[in-house]
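Comments concern the structure below.
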Amino acid sequence: MNFPLDALTAVSAANPWTYVVFGCIGFAFGFTLESAGFGDSRKLAAQFYFRELTVFKVMFTAIAVAMTLLFGAVGLGLVDFGHVWVNPTYLGSGVLGGLIMGVGFIVGGFCPTTSLASASTGKIDGMMFMAGGFVGAFVFGETESLFDHWYNNAGYHGRLTLDQVFGLPAQILVPIIVVAAVLLFWGAEQIERLVGRRDMSREPRWRGVGAAALVAAALGVLVIGNPSLEDRYAKLSFKRTEAVKQPDGKTASVPRAYGADEMLAKRLAFVSPAEAFKARYQQAIKPVYLDVRTEADFNLYHLADAVHVPLARLDKIVPDLLSEPPANTVFITIGNDEELATRAWKLLVASGVQNVYILAGGVNGWIAAFGADDPGLKPLPGAGPEQLRYAFSAALGDRYKSCAPDPRHHEKLAFEPRIVLQLRRDKSGGGCG
Amino acid sequence: MAGQGSFFRRPEKAYWHPYLAGAILGVVLFLAFALTGNGLGSSGATSRIDAALVDIVAPAHVDRTPYLLKMAGGDRNPLDDWIVPVFFGALLGGFVSGWFNGRLRFQTTKGPQVSDRTRWTLAFLGGVIFLYGARMARGCTSGQALSGGATLAAGSWVIMLSIFASAYLLAYFVRKLWL
C-alpha cells in the first residue's frame with residue numbers, strides 16, 4: 001500500500017465516495033475546532049491580548065503532532081513525501097496576504113474555518129464573517145488581474161521546505177521544532193498566569209506526560225531516518241494500459257500497474273529518438289533533455305537545448321526538478337548508450353520525479369536515426385559500451401545539423417508512443433492554497 | 001436550565017483542553033495528508049463557490065478574468081475540488097459538535113464594550129479583509145499555517161508569522177473591541 005492513495009488525491013465524479021472521504025475529513029476538522037472553543041470569537045481574540053493563548057496552543061500542538069506523525073510515516077516508507085502537497089513559497093504575496101489576514105483576524109475575530117464552526121452553531125457574528133468572506137474572495141478575484149505578475153512571481157521559490165532553507169535534514173528539524181514548541185507552551189502558560197491571572201495549578205497533570213510522549217516520538221523520527229533510495233525504488237508503481245485480447249477477438253486496453261524494473265524490462269520507460277524529437281513540437285508536452293554524460297562528450301555533440309548534468313551531480317538538482325515544474329514537463333535522460341541514462345532514470349524516479357524517460361539508444365541511437373548522412377560524423381568502429389560510436393570533425397556541441405533535425409523533413413515519423421503524462425494536481429486558485 | 005435537556009438543548013459541556021484539541025487536530029491533519037496527500041483548508045472553497053455563482057450569472061465574465069478562468073473557465077466546474085467537500089464537512093462537523101455539547105444557540109460573541117450591531121459590521125468587514133488576504137497568500141490559517149506548517153513549507157511559516165505579527169501589532173489599537 002502506497003500512501004497517499006492515488007484514488008484520493010482529488011475528488012472526481014467518477015468516484016463519488018471521494019467526496020465522502022473529504023467530507024469526513026472536513027467533518028472531523030469542524031468538529032475539533034468547535035470543540036476547542038473556536039466558535040467563540042472572544043476565545044480567539046484573547047490570544048492577541050495575552051489573556052488566553054488557546055489559539056497558539058491548539059495550532060502549535062496540531063502542527064507538532066501532524067509533523068511528527070507525517071515525517072515518521074515518511075521515514076518508515078509508508079507515505080511518499082513527493083506526493084504530499086507542500087504549499088509553494090511565494091514570499092511577496094505570502095507576506096502581504098499574511099499581514100492583511102492579521103488585520104482581518106483582529107477586526108473580525110475569526111479566521112475562515114473557525115467562522116464555519118461559529119456560524120454553524122448559531123453565532124451571528126460568525127455568519128457575518130462568513131458572508132464578508134464571500135465578498136472578500138470575490139473582490140480578490142476581480143482585482144487580481146491588476147497585480148497578476150507580482151502575485152505569481154514575487155519571491156517565488158517553488159516547493160521550498162525549511163530543511164532546505166536551514167540545510168538540515170527534516171529528521172533533525174522535526175525534533176528541534178517539537179522541543180521548541182514544548183518550551184513555547186511552557187512560556188505561554190507563564191504568560192497566562194501573569195497576564196491572564198489564571199490558576200495554572202488546576203491544569204491537568206497529563207499535559208506533562210503528553211509533552212514527554214511528543215518529544216519521544218519526535219526523537220523517534222530522528223532514529224527512523226529517511227527511507228533509502230533503494231527502498232523507494234522498490235515501491236514505485238507506474239500506471240499504464242495494456243492491450244489485452246478479449247475472448248471475442250477484439251482487443252481492449254486494461255489499466256495495469258508496473259514496477260520500476262518491469263518498466264525497464266518491457267522498455268516502457270524508453271522513448272525512441274523519433275518520439276523524443278517529436279516531443280519538441282507537441283503542444284501538450286514540454287520536454288527537458290537531461291544529458292548525463294561527461295563534459296567532453298557533451299562538448300563533442302549533444303541534442304539542441306539539452307541540459308548538461310553529469311550523473312554524479314544529478315542528485316543535487318533533484319529538489320529543483322521536484323519543485324513545481326509545469327505539469328506537462330517530461331524529462332528525458334540521455335547517455336551515449338542506455339546504461340548511464342538508465343542509472344539516471346532510476347535515481348530520478350526513486351527521488352519522486354515524475355514523467356522521466358530514457359532516450360532509447362542514447363546519443364548513438366539518435367545519430368543513427370538523424371545524422372547518418374551528416375558529413376561531419378564518421379562511424380567509429382571498435383567503440384566500447386557507453387562510448388560515442390562516431391568520430392567528430394570538431395567539438396561543435398549542438399551545431400551539427402542532426403542536433404536539431406529540421407521538422408519539415410521528418411513530418412512522418414513512425415514510433416510507438418511511450419510518454420504517458422502523469423499530471424500533477426493543479427492547485428492554482430484551489431486548495432486553501 | 002442546567003442538567004436535563006431536550007434534543008435541541010442538550011446540557012452544555014466544557015470545551016476540550018487546548019492540548020487535547022490540538023493533538024486530535026494534528027491526527028486529523030496527518031490522516032488527511034496520509035490518505036489524500038492534501039492537508040486541510042477552507043478559504044479556497046469560498047472563492048470556488050464565488051466562482052460558481054459568477055459562472056451562473058455571467059459566464060463570459062469568468063472567461064475574461066484570469067483568476068476565475070483557472071477555476072471555472074470553459075466547461076470546468078469550480079466546485080469539483082477536494083476543498084469543497086471539506087468546507088461543507090467542516091460546517092456540518094461544527095454544527096454536530098455544537099449540538100452534541102449543547103452550544104447551539106443564536107448569539108453574538110463580542111467584547112463587553114461593543115454593541116451587537118458594531119460587532120456584526122466589524123465581523124463582516126473582518127471577513128472581507130481576511131479572505132482578501134487569504135486568497136492573496138493562497139491559503140488561510142488552515143491551508144497555509146496549519147497544513148503548510150506541518151509539511152515544513154517555508155512560505156507557510158512566513159505567512160504564519162505575518163498573520164500573527166500584524167494581528168498583534170494592531171491588537172492594541174482595537175482593544176476597545178475585545179477588552
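Ordering of the C-alpha cells sets the chain letters (A, B, ...); residue numbers start at 1 within each chain; ligands are numbered from 1 in the order shown.
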
Which polymer residues have any atom within 12 Å of an atom of Ala145 (chain B), counting only C-alpha atoms, with same-chain residues fewer than 3 positions away left out, as an MDAnalysis selection string? (chainID A and resid 56 59:60 62:64 86:87 94 98 101 111 432:433) or (chainID B and resid 39:41 134 137:142 148:164)

Running DSSP on the backbone, which parts of region 312-430 of chain A land in strand (DSSP E), as a count of residues only? 16

Using only C-alpha atoms, which residues sit within 7 Å of Phe185 (chain A) once same-chain residues fewer than 4 positions away are excluded, as an MDAnalysis selection string? chainID A and resid 57 181 189

I'd like the contact shell of Pro407 (chain A) - 12 Å cut-off, only C-alpha atoms, skipping same-chain residues fewer than 4 positions apart - returned as a ChimeraX atom specification. /A:274,277-282,370,401-403,411-413

Between CA of Ala119 (chain A) and CA of Ala90 (chain B), measure the distance and give it in Å to one decimal.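 Distance reported for this atom pair: 10.9 Å.
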
Across B:Ser6, B:Gln113, B:Thr118, B:Ser97, the smallest distance to chain A, with only C-alpha atoms counted, is shown by B:Ser97

Pull the helix (DSSP H, G or I) assignments for region 285-379 of chain A out of DSSP run on the backbone, and list those residues as a VMD selection string. chain A and resid 295 to 300 311 to 322 339 to 350 362 to 370

For each of B:Val114, B:Ser43, B:His61, B:Ala52, take the minimum atom-to-atom distance to chain A, counting only C-alpha atoms, then give the residue where this is smallest.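 Answer, going by the shortest atom-to-atom distance: B:Ser43.
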
Please list as an mmCIF file with C-alpha atoms, in the first residue's frame every residue within 10 Å of Leu20 (chain B), counting only C-alpha atoms and excluding residues in the same chain fewer than 3 positions away.
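Now in out-v6.cif:
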```cif
data_model
loop_
_atom_site.group_PDB
_atom_site.id
_atom_site.type_symbol
_atom_site.label_atom_id
_atom_site.label_comp_id
_atom_site.auth_asym_id
_atom_site.auth_seq_id
_atom_site.Cartn_x
_atom_site.Cartn_y
_atom_site.Cartn_z
ATOM 1 C CA THR A 32 -12.465 19.598 16.527
ATOM 2 C CA ALA A 36 -11.685 23.590 21.056
ATOM 3 C CA LYS A 57 -1.624 26.031 21.952
ATOM 4 C CA VAL A 58 -4.133 24.268 19.712
ATOM 5 C CA THR A 61 0.160 21.233 19.121
ATOM 6 C CA ALA A 62 -1.618 20.268 15.912
ATOM 7 C CA TRP A 206 -1.293 14.627 31.880
ATOM 8 C CA ARG A 207 -0.053 17.524 29.813
ATOM 9 C CA GLY A 210 1.828 14.280 26.686
ATOM 10 C CA TRP B 16 -11.792 20.361 25.187
ATOM 11 C CA HIS B 17 -8.463 21.132 26.771
ATOM 12 C CA ALA B 23 -3.426 16.651 19.388
ATOM 13 C CA ILE B 24 -6.703 15.469 17.845
ATOM 14 C CA LEU B 25 -6.486 18.176 15.191
ATOM 15 C CA GLY B 26 -2.910 17.047 14.487
#
```

Which residues are close to Ala257 (chain A), i.e. within 6 Å by only C-alpha atoms, leaving aside same-chain residues fewer than 2 positions away? Reply as a PyMOL selection string. chain A and resi 237-239

Go ahead and dump the residues you just picked, C-alpha atoms, as an mmCIF file, in the first residue's frame.
```cif
data_model
loop_
_atom_site.group_PDB
_atom_site.id
_atom_site.type_symbol
_atom_site.label_atom_id
_atom_site.label_comp_id
_atom_site.auth_asym_id
_atom_site.auth_seq_id
_atom_site.Cartn_x
_atom_site.Cartn_y
_atom_site.Cartn_z
ATOM 1 C CA SER A 237 4.423 1.796 -9.377
ATOM 2 C CA PHE A 238 3.627 3.183 -12.799
ATOM 3 C CA LYS A 239 0.172 3.135 -14.330
#
```

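Counting from CA of Leu168 (chain A), the distance to CA of Thr89 (chain A) is 18.3 Å.
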
Applying 12 Å and only C-alpha atoms, which residues near Asn153 (chain A) remain after dropping the ones on its own chain fewer than 2 positions away? List them as a list in words.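 What passes the distance filter is Pro88, Thr89, Tyr90, Leu91, Gly92, Ser93, Gly94, Phe147, Asp148, His149, Trp150, Tyr151, Gly155, Tyr156, His157 and Gly158 of chain A.
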
For CA of Phe50 (chain A) and CA of Leu194 (chain A), determine how far apart the two atoms are, in Å to one decimal place.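 A separation of 9.2 Å between them.
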